[in-house]
>>> print(open('start-v5.txt').read())   # compact mmCIF, C-alpha atoms
# COMPACT_ATOMS: atom_id res chain seq x y z
CA MET A 1 86.25 109.36 81.50
CA PRO A 2 83.47 111.97 81.36
CA GLY A 3 81.72 109.77 78.77
CA GLN A 4 81.54 106.89 81.21
CA LEU A 5 80.23 109.17 83.93
CA LYS A 6 77.32 110.25 81.79
CA GLU A 7 76.53 106.65 80.90
CA VAL A 8 76.27 105.65 84.55
CA ARG A 9 74.12 108.67 85.30
CA ASN A 10 71.71 107.70 82.54
CA ARG A 11 71.46 104.17 83.85
CA ILE A 12 70.75 105.44 87.33
CA GLN A 13 67.97 107.56 85.96
CA SER A 14 66.39 104.73 84.00
CA VAL A 15 66.54 102.35 86.95
CA GLN A 16 64.94 105.03 89.11
CA SER A 17 62.04 105.52 86.77
CA THR A 18 61.51 101.76 86.51
CA GLN A 19 61.45 101.58 90.25
CA GLN A 20 58.83 104.26 90.38
CA ILE A 21 56.63 102.19 88.12
CA THR A 22 57.10 98.98 90.08
CA LYS A 23 56.40 100.81 93.32
CA ALA A 24 53.21 102.27 91.93
CA MET A 25 52.10 98.90 90.59
CA LYS A 26 52.74 97.33 93.95
CA MET A 27 50.57 99.91 95.64
CA VAL A 28 47.76 99.48 93.11
CA SER A 29 47.91 95.71 93.51
CA ALA A 30 47.80 96.01 97.28
CA ALA A 31 44.62 98.08 97.05
CA LYS A 32 43.04 95.71 94.55
CA LEU A 33 44.06 92.75 96.67
CA ARG A 34 42.24 94.19 99.63
CA ARG A 35 39.09 94.56 97.53
CA ALA A 36 39.41 91.03 96.18
CA GLN A 37 39.87 89.61 99.65
CA ASP A 38 36.85 91.52 100.80
CA ALA A 39 34.76 89.93 98.08
CA ILE A 40 35.85 86.48 99.27
CA LEU A 41 34.87 87.31 102.83
CA GLN A 42 31.51 88.65 101.68
CA MET A 43 30.75 85.44 99.86
CA ARG A 44 31.72 83.09 102.65
CA PRO A 45 28.50 83.24 104.75
CA TYR A 46 26.43 82.51 101.66
CA ALA A 47 28.57 79.54 100.62
CA LYS A 48 28.60 78.16 104.15
CA LYS A 49 24.85 78.37 104.55
CA LEU A 50 24.31 76.76 101.18
CA GLN A 51 26.44 73.80 102.20
CA GLU A 52 24.58 73.57 105.50
CA MET A 53 21.27 73.53 103.72
CA LEU A 54 22.49 70.80 101.42
CA SER A 55 23.60 68.59 104.27
CA ASN A 56 20.32 69.26 106.08
CA ILE A 57 18.32 68.15 103.09
CA VAL A 58 20.50 65.14 102.36
CA SER A 59 20.46 63.88 105.92
CA ASN A 60 16.70 64.27 106.08
CA SER A 61 15.99 62.54 102.82
CA GLU A 62 15.45 58.87 102.33
CA GLY A 63 17.22 56.81 99.75
CA GLU A 64 19.73 57.74 97.11
CA VAL A 65 19.95 61.08 95.47
CA GLY A 66 20.31 60.53 91.78
CA MET A 67 20.51 63.47 89.44
CA SER A 68 21.65 64.19 85.97
CA LEU A 69 24.42 66.42 87.30
CA ALA A 70 25.87 63.64 89.41
CA GLN A 71 25.89 61.04 86.67
CA GLU A 72 29.27 59.34 86.31
CA ARG A 73 30.05 58.40 82.74
CA PRO A 74 33.10 56.85 81.09
CA VAL A 75 35.39 59.78 80.39
CA ASP A 76 35.61 60.57 76.74
CA LYS A 77 35.22 64.31 76.35
CA VAL A 78 36.86 66.59 78.88
CA LEU A 79 36.34 70.24 79.68
CA LEU A 80 38.90 72.17 81.66
CA ILE A 81 38.02 75.61 82.94
CA VAL A 82 41.33 77.41 83.36
CA LEU A 83 41.55 80.63 85.34
CA THR A 84 44.43 82.95 84.56
CA SER A 85 44.76 86.71 84.57
CA ASP A 86 44.38 89.33 81.88
CA ARG A 87 47.67 91.02 82.53
CA GLY A 88 51.20 89.86 83.00
CA LEU A 89 53.86 91.10 85.41
CA ALA A 90 52.48 88.94 88.16
CA GLY A 91 55.49 86.75 88.75
CA ALA A 92 54.96 83.09 87.99
CA PHE A 93 51.20 83.33 88.51
CA ASN A 94 50.05 82.55 84.98
CA THR A 95 52.92 80.22 84.22
CA ASN A 96 52.06 78.12 87.23
CA VAL A 97 48.39 77.78 86.33
CA ILE A 98 49.31 76.86 82.77
CA LYS A 99 51.84 74.34 84.03
CA ALA A 100 49.27 72.81 86.37
CA THR A 101 46.82 72.53 83.48
CA LYS A 102 49.35 70.78 81.27
CA ALA A 103 50.34 68.44 84.08
CA THR A 104 46.69 67.54 84.63
CA ILE A 105 46.17 66.83 80.97
CA ALA A 106 49.33 64.73 80.79
CA ALA A 107 48.52 62.79 83.93
CA LYS A 108 44.80 62.19 83.60
CA TYR A 109 43.63 62.92 80.11
CA ALA A 110 46.55 62.06 77.84
CA ALA A 111 44.48 59.70 75.69
CA GLN A 112 41.62 62.21 75.35
CA GLN A 113 44.08 64.96 74.47
CA ALA A 114 45.63 62.79 71.76
CA ALA A 115 42.16 62.31 70.30
CA GLY A 116 41.53 66.05 70.46
CA LYS A 117 38.76 65.70 72.99
CA VAL A 118 40.04 68.03 75.67
CA THR A 119 38.48 71.46 75.49
CA ILE A 120 39.74 74.39 77.51
CA TRP A 121 37.56 77.30 78.53
CA ASN A 122 39.86 80.13 79.36
CA LEU A 123 38.93 82.78 81.86
CA GLY A 124 41.59 85.43 81.50
CA LYS A 125 43.49 86.54 78.43
CA LYS A 126 46.93 85.19 79.27
CA GLY A 127 45.87 81.58 79.45
CA TYR A 128 43.91 81.86 76.24
CA GLU A 129 46.84 83.35 74.32
CA HIS A 130 49.09 80.59 75.53
CA PHE A 131 46.83 77.64 74.80
CA ALA A 132 45.60 79.00 71.48
CA LYS A 133 49.19 79.38 70.31
CA LEU A 134 50.05 75.84 71.26
CA GLY A 135 47.11 74.46 69.33
CA TYR A 136 44.96 73.29 72.22
CA LYS A 137 41.22 73.42 71.80
CA ALA A 138 40.98 76.75 73.54
CA ASP A 139 37.63 78.48 73.75
CA ALA A 140 37.68 82.24 74.15
CA THR A 141 33.98 82.75 74.89
CA TYR A 142 34.56 83.58 78.53
CA LYS A 143 38.01 85.12 78.16
CA ASP A 144 36.93 88.52 79.41
CA THR A 145 35.26 87.47 82.65
CA PHE A 146 37.77 89.32 84.78
CA ILE A 147 37.18 92.63 83.06
CA ASN A 148 33.77 92.88 84.61
CA LEU A 149 33.78 90.47 87.50
CA SER A 150 30.32 89.81 88.87
CA PHE A 151 28.40 86.84 90.14
CA GLU A 152 26.00 87.11 87.24
CA ASN A 153 28.71 86.62 84.64
CA VAL A 154 30.27 83.71 86.47
CA GLN A 155 26.88 82.13 86.86
CA LYS A 156 26.44 82.15 83.09
CA ILE A 157 29.64 80.16 82.68
CA ALA A 158 28.54 77.64 85.30
CA ALA A 159 25.16 77.33 83.64
CA ALA A 160 26.77 76.77 80.24
CA ALA A 161 29.04 74.09 81.68
CA MET A 162 26.10 72.34 83.35
CA LYS A 163 24.06 72.42 80.17
CA ALA A 164 26.93 71.03 78.11
CA PHE A 165 27.43 68.28 80.68
CA GLN A 166 23.77 67.31 80.66
CA GLU A 167 23.74 67.26 76.88
CA LYS A 168 26.75 64.94 77.06
CA GLN A 169 29.07 67.30 75.24
CA PHE A 170 31.47 66.69 78.09
CA ASP A 171 31.78 63.78 80.49
CA VAL A 172 33.87 65.50 83.08
CA VAL A 173 34.45 69.16 83.92
CA GLU A 174 37.35 70.36 86.03
CA VAL A 175 38.44 73.79 87.17
CA VAL A 176 42.12 74.73 87.33
CA TYR A 177 42.83 77.79 89.42
CA SER A 178 45.09 79.11 92.11
CA GLN A 179 43.68 79.13 95.57
CA PHE A 180 44.37 82.20 97.62
CA LYS A 181 46.33 81.46 100.78
CA ASN A 182 47.92 84.83 101.47
CA ALA A 183 49.54 87.57 99.45
CA ALA A 184 52.76 85.64 98.99
CA THR A 185 51.55 82.09 98.50
CA GLN A 186 49.02 80.56 96.16
CA ARG A 187 48.15 76.91 95.88
CA PHE A 188 47.28 75.40 92.54
CA GLU A 189 44.12 73.52 92.65
CA VAL A 190 42.46 71.20 90.16
CA GLU A 191 38.90 70.86 91.30
CA ARG A 192 36.25 68.48 90.05
CA PHE A 193 33.26 70.52 88.94
CA LEU A 194 31.05 67.95 87.26
CA PRO A 195 29.82 65.30 87.80
CA ILE A 196 29.06 66.29 91.37
CA PRO A 197 30.80 64.10 93.92
CA LYS A 198 28.30 62.12 95.99
CA VAL A 199 27.19 63.91 99.10
CA GLU A 200 27.87 61.81 102.15
CA LYS A 201 24.95 61.30 104.41
CA LYS A 202 25.94 62.06 107.96
CA GLU A 203 24.25 59.99 110.61
CA GLY A 204 22.87 62.02 113.44
CA ALA A 205 23.22 65.23 111.49
CA LYS A 206 19.48 65.63 111.50
CA LYS A 207 19.00 68.87 113.34
CA ALA A 208 15.28 69.28 113.22
CA ASP A 209 12.11 68.03 111.68
CA PHE A 210 12.10 70.23 108.64
CA ILE A 211 9.13 71.04 106.52
CA PHE A 212 10.27 70.78 102.93
CA ASP A 213 8.58 72.71 100.20
CA PRO A 214 8.76 71.36 97.51
CA SER A 215 9.99 67.81 98.17
CA GLN A 216 13.62 67.07 99.07
CA GLU A 217 14.36 65.74 95.60
CA GLU A 218 13.06 68.86 93.90
CA LEU A 219 14.86 71.06 96.38
CA LEU A 220 18.11 69.25 95.70
CA ALA A 221 17.65 69.63 91.99
CA GLU A 222 17.23 73.37 92.58
CA LEU A 223 20.03 73.62 95.07
CA MET A 224 22.73 71.78 93.11
CA PRO A 225 23.13 74.36 90.33
CA LYS A 226 23.35 77.11 92.96
CA ILE A 227 26.08 75.24 94.75
CA LEU A 228 27.99 74.82 91.51
CA ASN A 229 27.57 78.52 90.72
CA THR A 230 28.98 79.36 94.10
CA GLN A 231 31.82 76.91 93.71
CA LEU A 232 32.88 78.45 90.42
CA PHE A 233 32.43 81.97 91.75
CA LYS A 234 34.64 81.11 94.69
CA ALA A 235 37.31 79.81 92.32
CA VAL A 236 37.10 82.98 90.26
CA LEU A 237 37.40 85.22 93.32
CA ASP A 238 40.29 83.16 94.66
CA SER A 239 42.08 83.39 91.37
CA HIS A 240 41.48 87.13 91.24
CA ALA A 241 42.88 87.67 94.72
CA SER A 242 45.82 85.40 93.96
CA GLU A 243 46.63 87.39 90.86
CA HIS A 244 46.89 90.62 92.79
CA GLY A 245 48.79 88.93 95.59
CA ALA A 246 51.28 87.49 93.14
CA ARG A 247 51.67 90.81 91.37
CA MET A 248 52.18 92.63 94.64
CA THR A 249 54.92 90.23 95.68
CA ALA A 250 56.55 90.35 92.26
CA MET A 251 56.55 94.14 92.22
CA ASP A 252 57.88 94.28 95.73
CA LYS A 253 60.79 92.09 94.70
CA ALA A 254 61.37 94.22 91.63
CA SER A 255 61.50 97.38 93.75
CA THR A 256 63.99 95.78 96.11
CA ASN A 257 66.12 94.65 93.20
CA ALA A 258 66.04 98.15 91.75
CA ASN A 259 67.26 99.49 95.07
CA GLU A 260 70.13 97.06 95.06
CA MET A 261 71.02 98.03 91.51
CA LEU A 262 70.87 101.73 92.33
CA ARG A 263 73.25 101.21 95.21
CA ASN A 264 75.79 99.46 93.00
CA LEU A 265 75.42 102.02 90.24
CA LYS A 266 75.93 104.87 92.67
CA ILE A 267 79.12 103.29 93.93
CA SER A 268 80.52 102.93 90.43
CA TYR A 269 79.35 106.46 89.59
CA ASN A 270 81.22 107.91 92.54
CA ARG A 271 84.25 105.81 91.78
CA ALA A 272 84.34 107.07 88.19
CA ARG A 273 83.87 110.64 89.35
CA GLN A 274 86.68 110.31 91.85
CA ALA A 275 88.93 108.78 89.19
CA ALA A 276 88.19 111.67 86.87
CA ILE A 277 89.09 114.22 89.56
CA THR A 278 92.29 112.38 90.42
CA THR A 279 93.36 112.28 86.79
CA GLU A 280 92.65 115.96 86.38
CA LEU A 281 94.64 116.83 89.50
CA THR A 282 97.59 114.74 88.39
CA GLU A 283 97.49 116.45 85.03
CA ILE A 284 97.53 119.94 86.59
CA VAL A 285 100.22 119.07 89.12
CA SER A 286 102.45 117.41 86.57
CA GLY A 287 101.84 120.30 84.14
CA ALA A 288 102.96 122.81 86.79
CA ALA A 289 105.94 120.67 87.65
CA ALA A 290 106.96 120.56 83.97
CA LEU A 291 106.80 124.39 83.73
CA GLN A 292 108.96 124.83 86.79
CA GLY A 293 111.47 122.24 85.72
CA MET B 1 13.44 86.41 115.37
CA THR B 2 16.52 87.19 113.35
CA LEU B 3 16.64 87.50 109.62
CA GLU B 4 19.59 87.29 107.28
CA ILE B 5 19.45 87.85 103.56
CA LEU B 6 22.62 86.61 101.88
CA THR B 7 23.83 86.88 98.31
CA PRO B 8 27.16 85.62 96.97
CA GLU B 9 28.32 89.20 96.65
CA LYS B 10 27.26 90.58 100.00
CA LYS B 11 25.06 90.39 103.04
CA LEU B 12 21.95 92.32 102.12
CA TYR B 13 20.09 92.35 105.38
CA SER B 14 20.74 91.26 108.91
CA GLY B 15 18.79 92.01 112.03
CA GLU B 16 15.82 91.46 114.31
CA VAL B 17 12.49 91.43 112.52
CA TYR B 18 8.86 90.76 113.30
CA GLY B 19 8.17 88.69 110.23
CA VAL B 20 9.01 88.19 106.60
CA GLN B 21 6.92 87.46 103.51
CA MET B 22 8.42 85.49 100.67
CA PRO B 23 7.40 84.22 97.23
CA GLY B 24 7.56 80.43 97.76
CA ILE B 25 7.67 78.20 94.74
CA SER B 26 4.14 76.99 95.48
CA GLY B 27 2.80 80.35 96.62
CA SER B 28 3.61 83.33 98.78
CA PHE B 29 3.95 82.73 102.50
CA GLU B 30 4.87 84.51 105.69
CA VAL B 31 7.19 83.45 108.49
CA LEU B 32 6.60 84.84 111.97
CA GLU B 33 8.09 84.27 115.41
CA LYS B 34 8.62 80.60 116.39
CA HIS B 35 7.92 79.16 112.99
CA ALA B 36 8.55 75.42 112.60
CA PRO B 37 11.81 74.41 110.89
CA LEU B 38 11.40 74.85 107.17
CA VAL B 39 13.40 74.64 104.00
CA SER B 40 11.79 76.06 100.91
CA ALA B 41 12.65 77.15 97.42
CA LEU B 42 11.72 80.66 96.37
CA LYS B 43 10.78 81.89 92.95
CA ALA B 44 11.37 85.30 91.46
CA GLY B 45 9.38 87.98 93.24
CA ARG B 46 9.46 90.40 96.11
CA VAL B 47 10.50 89.72 99.68
CA LYS B 48 8.78 91.89 102.26
CA VAL B 49 10.51 92.32 105.58
CA LEU B 50 8.28 93.38 108.48
CA LYS B 51 10.69 95.18 110.71
CA ASP B 52 8.20 95.58 113.56
CA LYS B 53 4.49 95.41 114.24
CA GLN B 54 4.05 98.93 112.97
CA ASN B 55 4.23 99.51 109.30
CA HIS B 56 7.99 99.53 108.85
CA PHE B 57 8.87 97.51 105.80
CA ALA B 58 11.86 96.77 103.66
CA PHE B 59 11.51 95.24 100.21
CA PHE B 60 13.86 93.20 98.08
CA ASP B 61 13.33 91.95 94.55
CA ILE B 62 14.81 88.50 94.15
CA GLN B 63 15.36 86.14 91.26
CA GLY B 64 14.76 82.95 93.15
CA GLY B 65 16.63 81.29 95.96
CA PHE B 66 16.12 79.38 99.18
CA VAL B 67 14.99 79.99 102.70
CA GLU B 68 15.79 78.08 105.84
CA VAL B 69 14.00 78.59 109.12
CA LEU B 70 15.59 77.02 112.17
CA HIS B 71 15.52 77.98 115.85
CA ASN B 72 13.90 81.33 115.23
CA LYS B 73 16.53 82.25 112.68
CA VAL B 74 15.53 82.86 109.10
CA THR B 75 18.19 82.66 106.43
CA VAL B 76 17.34 83.69 102.90
CA LEU B 77 19.83 82.75 100.19
CA VAL B 78 19.33 84.50 96.88
CA GLU B 79 21.53 84.86 93.84
CA GLY B 80 20.23 88.09 92.43
CA ALA B 81 18.58 90.59 94.75
CA THR B 82 18.08 94.32 94.73
CA PRO B 83 16.70 96.44 97.54
CA VAL B 84 13.58 98.34 96.59
CA ASP B 85 12.66 101.66 98.11
CA ALA B 86 9.58 101.25 100.25
CA ALA B 87 6.66 102.68 98.35
>>> encode(input="start-v5.txt", output="structure tokens")
Amino acid sequence: MPGQLKEVRNRIQSVQSTQQITKAMKMVSAAKLRRAQDAILQMRPYAKKLQEMLSNIVSNSEGEVGMSLAQERPVDKVLLIVLTSDRGLAGAFNTNVIKATKATIAAKYAAQQAAGKVTIWNLGKKGYEHFAKLGYKADATYKDTFINLSFENVQKIAAAAMKAFQEKQFDVVEVVYSQFKNAATQRFEVERFLPIPKVEKKEGAKKADFIFDPSQEELLAELMPKILNTQLFKAVLDSHASEHGARMTAMDKASTNANEMLRNLKISYNRARQAAITTELTEIVSGAAALQG
Amino acid sequence: MTLEILTPEKKLYSGEVYGVQMPGISGSFEVLEKHAPLVSALKAGRVKVLKDKQNHFAFFDIQGGFVEVLHNKVTVLVEGATPVDAA
């Protein structure tokens, strides 16, 4: 009996220390989540204004807007930019992104994948490890983006993707990431990055008689890469916030589970202790009875 | 007029100003009160914010961007910008 008691006590201790870790991780994630959300909020006015400017220019310009970044080509070579995290223990966060990526490949680019023409740029270590192991064409150049997350670094990736698209190394570029809804829910999003979807011209959207310097066409050519940079940056920030949200939820669940486990263990500990005492008492009582008899 | 300088990472400047000088792609120019609607591309250079008619300035080094002037509101969108201490 005493052996069993000690065993239960050890388990209680180990569950307690695990719980301490999950609690701490939850707290850290909550703080990081707040920072990540803040970054999204900070970026929003910029992104909104950029879109406004685009629609202003488009609705003021005459004729079609044709650019090398909007060129639709038959799809032969595909680039997927997949955003995962660097660390695990974030629930199903990485698994879900990876699953979404595979589903996209299977649904849209099965033929290209069979011909080995689907390339994956991984942002985040977990996705890279997974796809490299499975023999996908996984590129690790931008794996470490999340270690030092800044607009500048993200912009380099966007620029590289645009250049590759213009040089016809890829015919279509898509971004797979998880959109941040709130701490508990993320939506998995496969977003077309290149070629740029045609901008709809809104009738009556003309707000004012703008002076354009340089011409609308040149402005658009300048503006488009910026919009793409922002789009990718937004995806990266969303993914970052989602990661911390997912980890926070996962760690919260783990802490609750640990509590539940501790409760059960304590019950069995007390039961074993009580049993030991009862046995001891019976032994003493029956010993005394034997002496008297 | 109001001026806003926005970057993807944060809002750099926001407030009432007298005027602002910017490095346009075809030359430096200044926007004052009641400027006509304008959209222009900016090249790398220095933005000078005239906070009032006296000599109160703020400077920002930018790496190119865009400016929109509409209804007495100037919005500057730049990707890389750093505030510079007024010399």
>>> closest_residue(input="start-v5.txt", among="B:Met1, B:Leu6, B:Leu50, B:Val20", to="Leu77 in chain B", atoms="only C-alpha atoms")
B:Leu6
>>> residues_around(input="start-v5.txt", residues="Ala184 in chain A", least_positions_apart="2", cutoff="12 Å", atoms="all atoms listed in the file", output="PDB file with C-alpha atoms, keeping the file's coordinate frame")
ATOM      1  CA  ALA A  30      47.800  96.010  97.280  1.00  0.00           C
ATOM      2  CA  LEU A  33      44.060  92.750  96.670  1.00  0.00           C
ATOM      3  CA  ALA A  90      52.480  88.940  88.160  1.00  0.00           C
ATOM      4  CA  GLY A  91      55.490  86.750  88.750  1.00  0.00           C
ATOM      5  CA  ALA A  92      54.960  83.090  87.990  1.00  0.00           C
ATOM      6  CA  PHE A  93      51.200  83.330  88.510  1.00  0.00           C
ATOM      7  CA  GLN A 179      43.680  79.130  95.570  1.00  0.00           C
ATOM      8  CA  PHE A 180      44.370  82.200  97.620  1.00  0.00           C
ATOM      9  CA  LYS A 181      46.330  81.460 100.780  1.00  0.00           C
ATOM     10  CA  ASN A 182      47.920  84.830 101.470  1.00  0.00           C
ATOM     11  CA  GLN A 186      49.020  80.560  96.160  1.00  0.00           C
ATOM     12  CA  ARG A 187      48.150  76.910  95.880  1.00  0.00           C
ATOM     13  CA  ALA A 241      42.880  87.670  94.720  1.00  0.00           C
ATOM     14  CA  SER A 242      45.820  85.400  93.960  1.00  0.00           C
ATOM     15  CA  GLU A 243      46.630  87.390  90.860  1.00  0.00           C
ATOM     16  CA  HIS A 244      46.890  90.620  92.790  1.00  0.00           C
ATOM     17  CA  GLY A 245      48.790  88.930  95.590  1.00  0.00           C
ATOM     18  CA  ALA A 246      51.280  87.490  93.140  1.00  0.00           C
ATOM     19  CA  ARG A 247      51.670  90.810  91.370  1.00  0.00           C
ATOM     20  CA  MET A 248      52.180  92.630  94.640  1.00  0.00           C
ATOM     21  CA  THR A 249      54.920  90.230  95.680  1.00  0.00           C
ATOM     22  CA  ALA A 250      56.550  90.350  92.260  1.00  0.00           C
ATOM     23  CA  MET A 251      56.550  94.140  92.220  1.00  0.00           C
ATOM     24  CA  ASP A 252      57.880  94.280  95.730  1.00  0.00           C
ATOM     25  CA  LYS A 253      60.790  92.090  94.700  1.00  0.00           C
TER      26      LYS A 253
END
>>> interface_residues(input="start-v5.txt", of="chain B", to="chain A", cutoff="7 Å", atoms="only C-alpha atoms", output="PyMOL selection string")
chain B and resi 6-11+37-41+77
>>> write_last_selection(input="start-v5.txt", atoms="C-alpha atoms", output="mmCIF file, in the coordinates of the input")
data_model
loop_
_atom_site.group_PDB
_atom_site.id
_atom_site.type_symbol
_atom_site.label_atom_id
_atom_site.label_comp_id
_atom_site.auth_asym_id
_atom_site.auth_seq_id
_atom_site.Cartn_x
_atom_site.Cartn_y
_atom_site.Cartn_z
ATOM 1 C CA LEU B 6 22.620 86.610 101.880
ATOM 2 C CA THR B 7 23.830 86.880 98.310
ATOM 3 C CA PRO B 8 27.160 85.620 96.970
ATOM 4 C CA GLU B 9 28.320 89.200 96.650
ATOM 5 C CA LYS B 10 27.260 90.580 100.000
ATOM 6 C CA LYS B 11 25.060 90.390 103.040
ATOM 7 C CA PRO B 37 11.810 74.410 110.890
ATOM 8 C CA LEU B 38 11.400 74.850 107.170
ATOM 9 C CA VAL B 39 13.400 74.640 104.000
ATOM 10 C CA SER B 40 11.790 76.060 100.910
ATOM 11 C CA ALA B 41 12.650 77.150 97.420
ATOM 12 C CA LEU B 77 19.830 82.750 100.190
#
>>> atom_distance(input="start-v5.txt", atom1="CA of Ser239 in chain A", atom2="CA of Ser85 in chain A")
8.0 Å
>>> residues_around(input="start-v5.txt", residues="range 158-167 of chain A", least_positions_apart="6", cutoff="12 Å", atoms="only C-alpha atoms", output="ChimeraX atom specification")
/A:67-73,75-81,119-121,141-142,151-152,173-175,193-196,224-236
>>> residues_around(input="start-v5.txt", residues="Phe29 in chain B", least_positions_apart="3", cutoff="12 Å", atoms="all atoms listed in the file", output="MDAnalysis selection string")
(chainID A and resid 213) or (chainID B and resid 19:26 32 35 38 40:43 45:48 67)
>>> residues_near_point(input="start-v5.txt", point="(14.0, 103.5, 96.1)", cutoff="12 Å", atoms="all atoms listed in the file", output="PyMOL selection string")
chain B and resi 58-61+82-87
>>> closest_residue(input="start-v5.txt", among="B:Val74, B:Gln54, B:Val31, B:Phe66", to="Glu16 in chain B", atoms="only C-alpha atoms")
B:Val74
>>> atom_distance(input="start-v5.txt", atom1="CA of Gln169 in chain A", atom2="CA of His130 in chain A")
24.0 Å
>>> residues_around(input="start-v5.txt", residues="Ala258 in chain A", least_positions_apart="6", cutoff="8 Å", atoms="all atoms listed in the file", output="number ranges by chain")
A: 15-16, 18-19
>>> residues_around(input="start-v5.txt", residues="Arg87 in chain A", least_positions_apart="5", cutoff="9 Å", atoms="only C-alpha atoms", output="PyMOL selection string")
chain A and resi 124-126
>>> closest_residue(input="start-v5.txt", among="B:Ser28, B:Asn55, B:Glu33, B:Val49", to="His71 in chain B", atoms="all atoms listed in the file")
B:Glu33
>>> atom_distance(input="start-v5.txt", atom1="CA of Asn72 in chain B", atom2="CA of Glu30 in chain B")
13.5 Å
>>> closest_residue(input="start-v5.txt", among="B:Lys51, B:Leu12, B:Gly65, B:Tyr18", to="Lys34 in chain B", atoms="all atoms listed in the file")
B:Tyr18
>>> closest_residue(input="start-v5.txt", among="B:Leu3, B:Ala81, B:Val69, B:Val17", to="His56 in chain B", atoms="all atoms listed in the file")
B:Val17
